[in-house]
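Below is final19.pdb, holding PDB, C-alpha atoms, pLDDT in the B column.
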```
ATOM      1  CA  MET B  60       0.000   0.000   0.000  1.00 43.00           C
ATOM      2  CA  VAL B  61       2.789   2.386   0.882  1.00 48.00           C
ATOM      3  CA  LYS B  62       5.425   2.860  -1.805  1.00 48.00           C
ATOM      4  CA  ASN B  63       8.263   1.280   0.100  1.00 47.00           C
ATOM      5  CA  LYS B  64       6.352  -0.324   2.864  1.00 50.00           C
ATOM      6  CA  ASP B  65       9.195  -2.573   3.961  1.00 52.00           C
ATOM      7  CA  ASP B  66      11.443   0.440   4.429  1.00 55.00           C
ATOM      8  CA  ILE B  67       8.994   2.250   6.653  1.00 62.00           C
ATOM      9  CA  PRO B  68      10.320   2.264  10.193  1.00 65.00           C
ATOM     10  CA  SER B  69       7.968   0.896  12.795  1.00 74.00           C
ATOM     11  CA  VAL B  70       6.663   3.195  15.497  1.00 76.00           C
ATOM     12  CA  ASP B  71       9.168   1.748  17.961  1.00 76.00           C
ATOM     13  CA  ASP B  72      12.174   2.486  15.761  1.00 77.00           C
ATOM     14  CA  PHE B  73      11.614   6.196  16.146  1.00 84.00           C
ATOM     15  CA  ASP B  74      14.187   8.029  18.214  1.00 93.00           C
ATOM     16  CA  ARG B  75      11.849   9.892  20.540  1.00 93.00           C
ATOM     17  CA  VAL B  76      14.695  11.769  22.188  1.00 96.00           C
ATOM     18  CA  ILE B  77      15.205  13.587  18.889  1.00 96.00           C
ATOM     19  CA  HIS B  78      11.602  13.494  17.641  1.00 94.00           C
ATOM     20  CA  GLU B  79      10.383  15.959  20.301  1.00 94.00           C
ATOM     21  CA  PRO B  80      10.075  19.254  18.345  1.00 92.00           C
ATOM     22  CA  ALA B  81      12.199  21.426  20.651  1.00 94.00           C
ATOM     23  CA  ARG B  82      14.971  18.815  20.763  1.00 96.00           C
ATOM     24  CA  LEU B  83      14.836  18.292  17.009  1.00 95.00           C
ATOM     25  CA  LEU B  84      15.330  22.033  16.584  1.00 93.00           C
ATOM     26  CA  ILE B  85      18.222  22.124  19.087  1.00 95.00           C
ATOM     27  CA  MET B  86      19.941  19.138  17.471  1.00 96.00           C
ATOM     28  CA  THR B  87      19.515  20.645  14.002  1.00 94.00           C
ATOM     29  CA  TYR B  88      21.080  23.924  15.127  1.00 93.00           C
ATOM     30  CA  LEU B  89      23.942  22.129  16.842  1.00 95.00           C
ATOM     31  CA  SER B  90      24.595  19.981  13.766  1.00 94.00           C
ATOM     32  CA  LEU B  91      25.425  23.157  11.852  1.00 92.00           C
ATOM     33  CA  VAL B  92      27.926  24.799  14.190  1.00 91.00           C
ATOM     34  CA  ASP B  93      31.046  23.846  16.115  1.00 91.00           C
ATOM     35  CA  THR B  94      29.696  25.027  19.428  1.00 93.00           C
ATOM     36  CA  ALA B  95      26.747  27.146  20.485  1.00 95.00           C
ATOM     37  CA  ASP B  96      26.330  29.341  23.480  1.00 93.00           C
ATOM     38  CA  PHE B  97      23.376  28.737  25.819  1.00 94.00           C
ATOM     39  CA  VAL B  98      22.085  32.311  25.527  1.00 92.00           C
ATOM     40  CA  PHE B  99      22.370  32.174  21.756  1.00 90.00           C
ATOM     41  CA  LEU B 100      20.320  28.953  21.724  1.00 93.00           C
ATOM     42  CA  THR B 101      17.533  30.483  23.807  1.00 93.00           C
ATOM     43  CA  ARG B 102      17.230  33.200  21.169  1.00 91.00           C
ATOM     44  CA  GLU B 103      17.352  30.813  18.217  1.00 87.00           C
ATOM     45  CA  THR B 104      14.877  28.328  19.633  1.00 88.00           C
ATOM     46  CA  GLN B 105      12.686  30.857  21.462  1.00 89.00           C
ATOM     47  CA  LEU B 106      12.513  28.472  24.387  1.00 92.00           C
ATOM     48  CA  THR B 107      12.587  29.683  27.968  1.00 93.00           C
ATOM     49  CA  ARG B 108      15.849  29.093  29.855  1.00 94.00           C
ATOM     50  CA  GLY B 109      14.192  26.461  32.037  1.00 95.00           C
ATOM     51  CA  ASN B 110      12.688  24.654  29.101  1.00 95.00           C
ATOM     52  CA  LEU B 111      15.922  24.747  27.122  1.00 96.00           C
ATOM     53  CA  SER B 112      17.912  23.489  30.139  1.00 96.00           C
ATOM     54  CA  SER B 113      15.571  20.582  30.559  1.00 97.00           C
ATOM     55  CA  HIS B 114      15.820  19.541  26.901  1.00 97.00           C
ATOM     56  CA  LEU B 115      19.605  19.917  26.953  1.00 97.00           C
ATOM     57  CA  ARG B 116      19.782  17.622  29.961  1.00 97.00           C
ATOM     58  CA  THR B 117      17.768  14.972  28.097  1.00 98.00           C
ATOM     59  CA  LEU B 118      20.102  15.270  25.102  1.00 98.00           C
ATOM     60  CA  GLU B 119      23.190  15.148  27.329  1.00 98.00           C
ATOM     61  CA  ASN B 120      21.898  12.044  29.138  1.00 97.00           C
ATOM     62  CA  ALA B 121      21.425  10.353  25.766  1.00 97.00           C
ATOM     63  CA  GLY B 122      25.050  11.192  24.925  1.00 98.00           C
ATOM     64  CA  TYR B 123      23.936  13.326  21.985  1.00 98.00           C
ATOM     65  CA  ILE B 124      25.467  16.606  23.157  1.00 98.00           C
ATOM     66  CA  ALA B 125      28.358  17.688  25.356  1.00 97.00           C
ATOM     67  CA  VAL B 126      28.099  20.630  27.729  1.00 95.00           C
ATOM     68  CA  GLU B 127      31.163  22.720  28.534  1.00 92.00           C
ATOM     69  CA  LYS B 128      31.434  25.557  31.002  1.00 89.00           C
ATOM     70  CA  GLU B 129      34.020  28.261  30.541  1.00 87.00           C
ATOM     71  CA  PHE B 130      34.750  31.703  31.947  1.00 89.00           C
ATOM     72  CA  ILE B 131      35.161  34.727  29.739  1.00 84.00           C
ATOM     73  CA  ASP B 132      36.070  37.948  31.551  1.00 88.00           C
ATOM     74  CA  ARG B 133      35.185  36.087  34.723  1.00 87.00           C
ATOM     75  CA  LYS B 134      31.648  35.528  33.427  1.00 87.00           C
ATOM     76  CA  PRO B 135      30.490  31.898  33.168  1.00 88.00           C
ATOM     77  CA  ARG B 136      29.416  30.709  29.762  1.00 90.00           C
ATOM     78  CA  THR B 137      27.803  27.420  28.794  1.00 92.00           C
ATOM     79  CA  LEU B 138      28.794  25.935  25.473  1.00 95.00           C
ATOM     80  CA  LEU B 139      26.895  23.136  23.753  1.00 97.00           C
ATOM     81  CA  LYS B 140      28.303  20.808  21.159  1.00 97.00           C
ATOM     82  CA  ILE B 141      26.807  17.888  19.278  1.00 97.00           C
ATOM     83  CA  THR B 142      28.714  14.612  19.829  1.00 98.00           C
ATOM     84  CA  GLN B 143      29.609  12.031  17.199  1.00 97.00           C
ATOM     85  CA  LYS B 144      26.897   9.781  18.637  1.00 98.00           C
ATOM     86  CA  GLY B 145      24.436  12.673  18.394  1.00 98.00           C
ATOM     87  CA  ARG B 146      25.385  13.337  14.802  1.00 97.00           C
ATOM     88  CA  GLN B 147      24.807   9.689  13.889  1.00 96.00           C
ATOM     89  CA  ALA B 148      21.487   9.580  15.726  1.00 97.00           C
ATOM     90  CA  LEU B 149      20.317  12.767  14.006  1.00 97.00           C
ATOM     91  CA  SER B 150      21.303  11.427  10.612  1.00 95.00           C
ATOM     92  CA  LYS B 151      19.442   8.152  11.282  1.00 94.00           C
ATOM     93  CA  TYR B 152      16.433  10.139  12.492  1.00 95.00           C
ATOM     94  CA  ARG B 153      16.415  12.138   9.272  1.00 94.00           C
ATOM     95  CA  LYS B 154      16.395   8.940   7.216  1.00 92.00           C
ATOM     96  CA  ASP B 155      13.637   7.371   9.334  1.00 91.00           C
ATOM     97  CA  ILE B 156      11.334  10.370   9.143  1.00 93.00           C
ATOM     98  CA  GLU B 157      11.988  10.849   5.429  1.00 92.00           C
ATOM     99  CA  GLN B 158      10.993   7.243   4.784  1.00 90.00           C
ATOM    100  CA  ILE B 159       7.597   8.116   6.152  1.00 90.00           C
ATOM    101  CA  ILE B 160       6.983  11.650   4.926  1.00 91.00           C
ATOM    102  CA  ASP B 161       8.238  10.954   1.418  1.00 91.00           C
ATOM    103  CA  ASN B 162       5.071   8.860   1.023  1.00 88.00           C
ATOM    104  CA  ILE B 163       2.811  11.803   1.823  1.00 87.00           C
ATOM    105  CA  PRO B 164       1.274  13.364  -1.287  1.00 81.00           C
ATOM    106  CA  GLU B 165       2.445  16.987  -1.716  1.00 74.00           C
TER     107      GLU B 165
ATOM    108  CA  MET U  77      23.189  30.103  11.107  1.00 43.00           C
ATOM    109  CA  VAL U  78      20.584  27.797   9.642  1.00 48.00           C
ATOM    110  CA  LYS U  79      20.253  27.911   5.865  1.00 48.00           C
ATOM    111  CA  ASN U  80      16.754  29.311   5.773  1.00 47.00           C
ATOM    112  CA  LYS U  81      16.391  30.322   9.344  1.00 50.00           C
ATOM    113  CA  ASP U  82      13.353  32.533   8.765  1.00 52.00           C
ATOM    114  CA  ASP U  83      11.518  29.612   7.189  1.00 55.00           C
ATOM    115  CA  ILE U  84      12.098  27.321  10.135  1.00 62.00           C
ATOM    116  CA  PRO U  85       8.833  26.827  11.953  1.00 65.00           C
ATOM    117  CA  SER U  86       8.905  27.632  15.641  1.00 74.00           C
ATOM    118  CA  VAL U  87       8.345  24.829  18.118  1.00 76.00           C
ATOM    119  CA  ASP U  88       4.765  25.976  18.650  1.00 76.00           C
ATOM    120  CA  ASP U  89       3.869  25.808  14.959  1.00 77.00           C
ATOM    121  CA  PHE U  90       4.276  22.054  14.981  1.00 84.00           C
ATOM    122  CA  ASP U  91       1.089  20.046  14.628  1.00 93.00           C
ATOM    123  CA  ARG U  92       1.536  17.698  17.573  1.00 93.00           C
ATOM    124  CA  VAL U  93      -1.585  15.732  16.701  1.00 96.00           C
ATOM    125  CA  ILE U  94       0.215  14.525  13.583  1.00 96.00           C
ATOM    126  CA  HIS U  95       3.782  14.608  14.950  1.00 94.00           C
ATOM    127  CA  GLU U  96       3.198  11.673  17.333  1.00 94.00           C
ATOM    128  CA  PRO U  97       4.861   8.745  15.489  1.00 92.00           C
ATOM    129  CA  ALA U  98       1.902   6.338  15.543  1.00 94.00           C
ATOM    130  CA  ARG U  99      -0.472   9.035  14.294  1.00 96.00           C
ATOM    131  CA  LEU U 100       1.988  10.174  11.628  1.00 95.00           C
ATOM    132  CA  LEU U 101       2.090   6.600  10.381  1.00 93.00           C
ATOM    133  CA  ILE U 102      -1.710   6.250  10.432  1.00 95.00           C
ATOM    134  CA  MET U 103      -2.205   9.551   8.605  1.00 96.00           C
ATOM    135  CA  THR U 104       0.410   8.624   6.012  1.00 94.00           C
ATOM    136  CA  TYR U 105      -1.307   5.293   5.336  1.00 93.00           C
ATOM    137  CA  LEU U 106      -4.720   6.954   5.107  1.00 95.00           C
ATOM    138  CA  SER U 107      -3.411   9.615   2.722  1.00 94.00           C
ATOM    139  CA  LEU U 108      -2.632   6.843   0.227  1.00 92.00           C
ATOM    140  CA  VAL U 109      -5.946   4.990   0.124  1.00 91.00           C
ATOM    141  CA  ASP U 110      -9.624   5.776  -0.243  1.00 91.00           C
ATOM    142  CA  THR U 111     -10.614   3.976   2.927  1.00 93.00           C
ATOM    143  CA  ALA U 112      -8.871   1.562   5.254  1.00 95.00           C
ATOM    144  CA  ASP U 113     -10.302  -1.127   7.429  1.00 93.00           C
ATOM    145  CA  PHE U 114      -9.547  -1.092  11.171  1.00 94.00           C
ATOM    146  CA  VAL U 115      -8.141  -4.632  11.172  1.00 92.00           C
ATOM    147  CA  PHE U 116      -5.966  -3.849   8.178  1.00 90.00           C
ATOM    148  CA  LEU U 117      -4.573  -0.786   9.980  1.00 93.00           C
ATOM    149  CA  THR U 118      -3.653  -2.803  13.061  1.00 93.00           C
ATOM    150  CA  ARG U 119      -1.585  -5.055  10.819  1.00 91.00           C
ATOM    151  CA  GLU U 120       0.051  -2.210   8.895  1.00 87.00           C
ATOM    152  CA  THR U 121       0.924  -0.134  11.945  1.00 88.00           C
ATOM    153  CA  GLN U 122       1.600  -3.047  14.306  1.00 89.00           C
ATOM    154  CA  LEU U 123      -0.269  -1.185  17.013  1.00 92.00           C
ATOM    155  CA  THR U 124      -2.503  -2.973  19.486  1.00 93.00           C
ATOM    156  CA  ARG U 125      -6.254  -2.528  18.941  1.00 94.00           C
ATOM    157  CA  GLY U 126      -6.533  -0.394  22.076  1.00 95.00           C
ATOM    158  CA  ASN U 127      -3.629   1.793  21.111  1.00 95.00           C
ATOM    159  CA  LEU U 128      -4.862   2.202  17.544  1.00 96.00           C
ATOM    160  CA  SER U 129      -8.387   3.063  18.753  1.00 96.00           C
ATOM    161  CA  SER U 130      -7.032   5.724  21.045  1.00 97.00           C
ATOM    162  CA  HIS U 131      -4.976   7.374  18.296  1.00 97.00           C
ATOM    163  CA  LEU U 132      -7.912   7.188  15.867  1.00 97.00           C
ATOM    164  CA  ARG U 133     -10.091   8.984  18.402  1.00 97.00           C
ATOM    165  CA  THR U 134      -7.520  11.778  18.714  1.00 97.00           C
ATOM    166  CA  LEU U 135      -7.416  12.116  14.930  1.00 98.00           C
ATOM    167  CA  GLU U 136     -11.201  12.046  14.662  1.00 98.00           C
ATOM    168  CA  ASN U 137     -11.548  14.722  17.356  1.00 97.00           C
ATOM    169  CA  ALA U 138      -9.146  16.917  15.391  1.00 97.00           C
ATOM    170  CA  GLY U 139     -11.362  16.440  12.321  1.00 98.00           C
ATOM    171  CA  TYR U 140      -8.502  14.749  10.444  1.00 98.00           C
ATOM    172  CA  ILE U 141     -10.233  11.421   9.834  1.00 98.00           C
ATOM    173  CA  ALA U 142     -13.782  10.156   9.485  1.00 97.00           C
ATOM    174  CA  VAL U 143     -14.901   6.865  10.965  1.00 95.00           C
ATOM    175  CA  GLU U 144     -17.642   4.838   9.287  1.00 92.00           C
ATOM    176  CA  LYS U 145     -19.250   1.641  10.523  1.00 89.00           C
ATOM    177  CA  GLU U 146     -20.787  -0.807   8.102  1.00 87.00           C
ATOM    178  CA  PHE U 147     -22.026  -4.374   8.133  1.00 89.00           C
ATOM    179  CA  ILE U 148     -20.758  -6.991   5.730  1.00 84.00           C
ATOM    180  CA  ASP U 149     -22.428 -10.399   6.005  1.00 88.00           C
ATOM    181  CA  ARG U 150     -23.857  -9.122   9.262  1.00 87.00           C
ATOM    182  CA  LYS U 151     -20.335  -8.549  10.631  1.00 87.00           C
ATOM    183  CA  PRO U 152     -19.514  -4.998  11.725  1.00 88.00           C
ATOM    184  CA  ARG U 153     -16.598  -3.344  10.026  1.00 90.00           C
ATOM    185  CA  THR U 154     -14.939  -0.026  10.840  1.00 92.00           C
ATOM    186  CA  LEU U 155     -13.682   2.032   7.931  1.00 95.00           C
ATOM    187  CA  LEU U 156     -11.316   4.962   8.290  1.00 97.00           C
ATOM    188  CA  LYS U 157     -10.897   7.774   5.824  1.00 97.00           C
ATOM    189  CA  ILE U 158      -8.743  10.880   5.836  1.00 97.00           C
ATOM    190  CA  THR U 159     -10.745  14.134   5.574  1.00 98.00           C
ATOM    191  CA  GLN U 160      -9.925  17.158   3.457  1.00 97.00           C
ATOM    192  CA  LYS U 161      -8.883  18.973   6.632  1.00 98.00           C
ATOM    193  CA  GLY U 162      -6.645  16.041   7.538  1.00 98.00           C
ATOM    194  CA  ARG U 163      -5.069  16.031   4.106  1.00 97.00           C
ATOM    195  CA  GLN U 164      -4.270  19.739   4.386  1.00 96.00           C
ATOM    196  CA  ALA U 165      -2.873  19.351   7.899  1.00 96.00           C
ATOM    197  CA  LEU U 166      -0.680  16.433   6.810  1.00 97.00           C
ATOM    198  CA  SER U 167       0.617  18.364   3.836  1.00 95.00           C
ATOM    199  CA  LYS U 168       1.423  21.375   6.060  1.00 94.00           C
ATOM    200  CA  TYR U 169       3.119  19.043   8.546  1.00 95.00           C
ATOM    201  CA  ARG U 170       5.295  17.617   5.802  1.00 94.00           C
ATOM    202  CA  LYS U 171       6.405  21.109   4.786  1.00 92.00           C
ATOM    203  CA  ASP U 172       7.112  22.135   8.382  1.00 91.00           C
ATOM    204  CA  ILE U 173       9.187  19.081   9.196  1.00 93.00           C
ATOM    205  CA  GLU U 174      11.068  19.275   5.889  1.00 92.00           C
ATOM    206  CA  GLN U 175      12.034  22.871   6.624  1.00 90.00           C
ATOM    207  CA  ILE U 176      13.844  21.581   9.672  1.00 90.00           C
ATOM    208  CA  ILE U 177      15.306  18.280   8.540  1.00 91.00           C
ATOM    209  CA  ASP U 178      16.502  19.624   5.204  1.00 91.00           C
ATOM    210  CA  ASN U 179      19.075  21.539   7.260  1.00 88.00           C
ATOM    211  CA  ILE U 180      20.490  18.365   8.797  1.00 87.00           C
ATOM    212  CA  PRO U 181      23.730  17.236   7.140  1.00 81.00           C
ATOM    213  CA  GLU U 182      23.292  13.841   5.452  1.00 75.00           C
TER     214      GLU U 182
END
```
Take the structure in the file and give it back as structure tokens.
Amino acid sequence: MVKNKDDIPSVDDFDRVIHEPARLLIMTYLSLVDTADFVFLTRETQLTRGNLSSHLRTLENAGYIAVEKEFIDRKPRTLLKITQKGRQALSKYRKDIEQIIDNIPE
Amino acid sequence: MVKNKDDIPSVDDFDRVIHEPARLLIMTYLSLVDTADFVFLTRETQLTRGNLSSHLRTLENAGYIAVEKEFIDRKPRTLLKITQKGRQALSKYRKDIEQIIDNIPE
């Protein structure tokens, strides 16, 4: 019934850590830069600091991002970086979701 | 930072009725057929009957699918059909998600 039915991932294959919209957005941003600053990410994602922190913790616990603290002019700064594992998971997620949405008529 | 940053939907724009993986799968199947039988959908999605029923109710409440009951040889049969509203919502969802994932490096 579906064009490539056998290729369609089952519901359980989905990486729900990444699938959550805020986390998908964060991971996509991080896949495009070397490191991103916490404050910068709040602006880009338009999430509250609390909300962003919570999603970053989920991503860190999954091993998808690394969090570094540094001091610049004695001010603390939080830097986020996608890990190799995160990059692979994001790439797999892209393939999985494309295998579904490519079936949707335009 | 992101290729088409201004085109990237915000987290709140996401249609979470469709974004849930099981419902995305159901909607994708229904977008490809005239009508689908409940039993057939359980097989295709590999969801339990209870789980499938619950997702179908959510989709029906959103006006995205229509549920019809009919009798064949005196046996009841439940037929599911995507609505015009559902088709539009699915098509918008596809565009929204593509605007994000198209930024992800392969």
Legend entry - Separation of atom CA of B:Lys128 from atom CA of B:Arg82, in Å and rounded to one decimal: 20.5 Å
For chain U against chain B, which residues fall within 8 Å using all atoms listed in the file, given as a PDB file with C-alpha atoms, keeping the file's coordinate frame?
```pdb
ATOM      1  CA  MET U  77      23.189  30.103  11.107  1.00 43.00           C
ATOM      2  CA  VAL U  78      20.584  27.797   9.642  1.00 48.00           C
ATOM      3  CA  SER U  86       8.905  27.632  15.641  1.00 74.00           C
ATOM      4  CA  VAL U  87       8.345  24.829  18.118  1.00 76.00           C
ATOM      5  CA  PHE U  90       4.276  22.054  14.981  1.00 84.00           C
ATOM      6  CA  PRO U  97       4.861   8.745  15.489  1.00 92.00           C
ATOM      7  CA  ALA U  98       1.902   6.338  15.543  1.00 94.00           C
ATOM      8  CA  LEU U 101       2.090   6.600  10.381  1.00 93.00           C
ATOM      9  CA  THR U 104       0.410   8.624   6.012  1.00 94.00           C
ATOM     10  CA  TYR U 105      -1.307   5.293   5.336  1.00 93.00           C
ATOM     11  CA  SER U 107      -3.411   9.615   2.722  1.00 94.00           C
ATOM     12  CA  LEU U 108      -2.632   6.843   0.227  1.00 92.00           C
ATOM     13  CA  VAL U 109      -5.946   4.990   0.124  1.00 91.00           C
ATOM     14  CA  THR U 121       0.924  -0.134  11.945  1.00 88.00           C
ATOM     15  CA  GLN U 122       1.600  -3.047  14.306  1.00 89.00           C
ATOM     16  CA  LEU U 166      -0.680  16.433   6.810  1.00 97.00           C
ATOM     17  CA  SER U 167       0.617  18.364   3.836  1.00 95.00           C
ATOM     18  CA  ARG U 170       5.295  17.617   5.802  1.00 94.00           C
ATOM     19  CA  ILE U 176      13.844  21.581   9.672  1.00 90.00           C
ATOM     20  CA  ILE U 177      15.306  18.280   8.540  1.00 91.00           C
ATOM     21  CA  ASN U 179      19.075  21.539   7.260  1.00 88.00           C
ATOM     22  CA  ILE U 180      20.490  18.365   8.797  1.00 87.00           C
ATOM     23  CA  PRO U 181      23.730  17.236   7.140  1.00 81.00           C
ATOM     24  CA  GLU U 182      23.292  13.841   5.452  1.00 75.00           C
TER      25      GLU U 182
END
```
Inset, instruction - Would you mind reading off the distance between atom CA of B:Arg136 and atom CA of B:Asn120, one decimal, in Å? - result: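 Result for atom CA of B:Arg136 versus atom CA of B:Asn120: 20.1 Å, one decimal.
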Inset, instruction - Go through the shown structure with the PyMOL selection byres ((chain B and resi 118) around 10) and write out the matching residues as a PyMOL selection string. - result: chain B and resi 76-77+82+85-86+112-117+119-126+141+145
Put those residues in a file: C-alpha atoms, as a CSV table (one decimal), in the coordinates of the input.
```
chain,number,residue,atom,x,y,z
B,76,VAL,CA,14.7,11.8,22.2
B,77,ILE,CA,15.2,13.6,18.9
B,82,ARG,CA,15.0,18.8,20.8
B,85,ILE,CA,18.2,22.1,19.1
B,86,MET,CA,19.9,19.1,17.5
B,112,SER,CA,17.9,23.5,30.1
B,113,SER,CA,15.6,20.6,30.6
B,114,HIS,CA,15.8,19.5,26.9
B,115,LEU,CA,19.6,19.9,27.0
B,116,ARG,CA,19.8,17.6,30.0
B,117,THR,CA,17.8,15.0,28.1
B,119,GLU,CA,23.2,15.1,27.3
B,120,ASN,CA,21.9,12.0,29.1
B,121,ALA,CA,21.4,10.4,25.8
B,122,GLY,CA,25.0,11.2,24.9
B,123,TYR,CA,23.9,13.3,22.0
B,124,ILE,CA,25.5,16.6,23.2
B,125,ALA,CA,28.4,17.7,25.4
B,126,VAL,CA,28.1,20.6,27.7
B,141,ILE,CA,26.8,17.9,19.3
B,145,GLY,CA,24.4,12.7,18.4
```
Please provide chain U as a compact mmCIF listing (two decimals) with C-alpha atoms, keeping the file's coordinate frame, once it has been superposed on chain B by least squares across all sequentially paired Cα atoms.
```
# COMPACT_ATOMS: atom_id res chain seq x y z
CA MET U 77 -0.06 0.04 -0.08
CA VAL U 78 2.75 2.39 0.84
CA LYS U 79 5.40 2.88 -1.83
CA ASN U 80 8.24 1.30 0.08
CA LYS U 81 6.32 -0.30 2.84
CA ASP U 82 9.16 -2.57 3.96
CA ASP U 83 11.40 0.46 4.41
CA ILE U 84 8.96 2.26 6.65
CA PRO U 85 10.30 2.25 10.18
CA SER U 86 7.96 0.86 12.79
CA VAL U 87 6.66 3.18 15.48
CA ASP U 88 9.16 1.75 17.96
CA ASP U 89 12.18 2.46 15.76
CA PHE U 90 11.63 6.18 16.14
CA ASP U 91 14.20 8.02 18.22
CA ARG U 92 11.86 9.88 20.55
CA VAL U 93 14.70 11.77 22.19
CA ILE U 94 15.22 13.58 18.89
CA HIS U 95 11.60 13.49 17.65
CA GLU U 96 10.38 15.95 20.31
CA PRO U 97 10.09 19.24 18.35
CA ALA U 98 12.20 21.42 20.66
CA ARG U 99 14.98 18.82 20.77
CA LEU U 100 14.83 18.29 17.01
CA LEU U 101 15.34 22.02 16.59
CA ILE U 102 18.22 22.12 19.09
CA MET U 103 19.95 19.14 17.47
CA THR U 104 19.52 20.64 14.01
CA TYR U 105 21.08 23.92 15.13
CA LEU U 106 23.96 22.12 16.84
CA SER U 107 24.61 19.97 13.77
CA LEU U 108 25.42 23.16 11.85
CA VAL U 109 27.94 24.80 14.17
CA ASP U 110 31.06 23.86 16.09
CA THR U 111 29.71 25.05 19.41
CA ALA U 112 26.76 27.15 20.47
CA ASP U 113 26.33 29.36 23.47
CA PHE U 114 23.38 28.75 25.81
CA VAL U 115 22.09 32.33 25.51
CA PHE U 116 22.35 32.18 21.74
CA LEU U 117 20.31 28.95 21.72
CA THR U 118 17.54 30.49 23.80
CA ARG U 119 17.23 33.20 21.17
CA GLU U 120 17.35 30.81 18.21
CA THR U 121 14.86 28.32 19.62
CA GLN U 122 12.68 30.84 21.46
CA LEU U 123 12.52 28.45 24.38
CA THR U 124 12.57 29.67 27.96
CA ARG U 125 15.84 29.10 29.85
CA GLY U 126 14.19 26.46 32.05
CA ASN U 127 12.69 24.65 29.12
CA LEU U 128 15.92 24.75 27.13
CA SER U 129 17.93 23.49 30.13
CA SER U 130 15.59 20.58 30.57
CA HIS U 131 15.83 19.53 26.92
CA LEU U 132 19.63 19.93 26.97
CA ARG U 133 19.81 17.62 29.97
CA THR U 134 17.79 14.97 28.12
CA LEU U 135 20.12 15.26 25.13
CA GLU U 136 23.21 15.15 27.33
CA ASN U 137 21.93 12.05 29.15
CA ALA U 138 21.44 10.36 25.78
CA GLY U 139 25.07 11.19 24.94
CA TYR U 140 23.95 13.34 21.99
CA ILE U 141 25.48 16.61 23.17
CA ALA U 142 28.37 17.70 25.36
CA VAL U 143 28.11 20.63 27.73
CA GLU U 144 31.17 22.73 28.53
CA LYS U 145 31.44 25.58 31.01
CA GLU U 146 34.02 28.29 30.55
CA PHE U 147 34.75 31.73 31.95
CA ILE U 148 35.14 34.77 29.76
CA ASP U 149 36.06 37.98 31.59
CA ARG U 150 35.18 36.10 34.74
CA LYS U 151 31.62 35.53 33.46
CA PRO U 152 30.50 31.90 33.18
CA ARG U 153 29.42 30.73 29.78
CA THR U 154 27.82 27.43 28.80
CA LEU U 155 28.81 25.96 25.46
CA LEU U 156 26.92 23.16 23.75
CA LYS U 157 28.32 20.82 21.16
CA ILE U 158 26.83 17.89 19.29
CA THR U 159 28.73 14.61 19.82
CA GLN U 160 29.61 12.03 17.20
CA LYS U 161 26.90 9.78 18.65
CA GLY U 162 24.43 12.66 18.40
CA ARG U 163 25.38 13.33 14.81
CA GLN U 164 24.80 9.68 13.91
CA ALA U 165 21.48 9.57 15.74
CA LEU U 166 20.30 12.75 14.01
CA SER U 167 21.30 11.42 10.62
CA LYS U 168 19.44 8.14 11.30
CA TYR U 169 16.42 10.13 12.50
CA ARG U 170 16.40 12.12 9.28
CA LYS U 171 16.38 8.91 7.23
CA ASP U 172 13.62 7.35 9.34
CA ILE U 173 11.33 10.35 9.14
CA GLU U 174 11.98 10.82 5.42
CA GLN U 175 10.98 7.22 4.77
CA ILE U 176 7.57 8.10 6.15
CA ILE U 177 6.97 11.62 4.91
CA ASP U 178 8.24 10.92 1.41
CA ASN U 179 5.06 8.85 1.02
CA ILE U 180 2.81 11.81 1.81
CA PRO U 181 1.29 13.39 -1.31
CA GLU U 182 2.50 16.98 -1.75
```
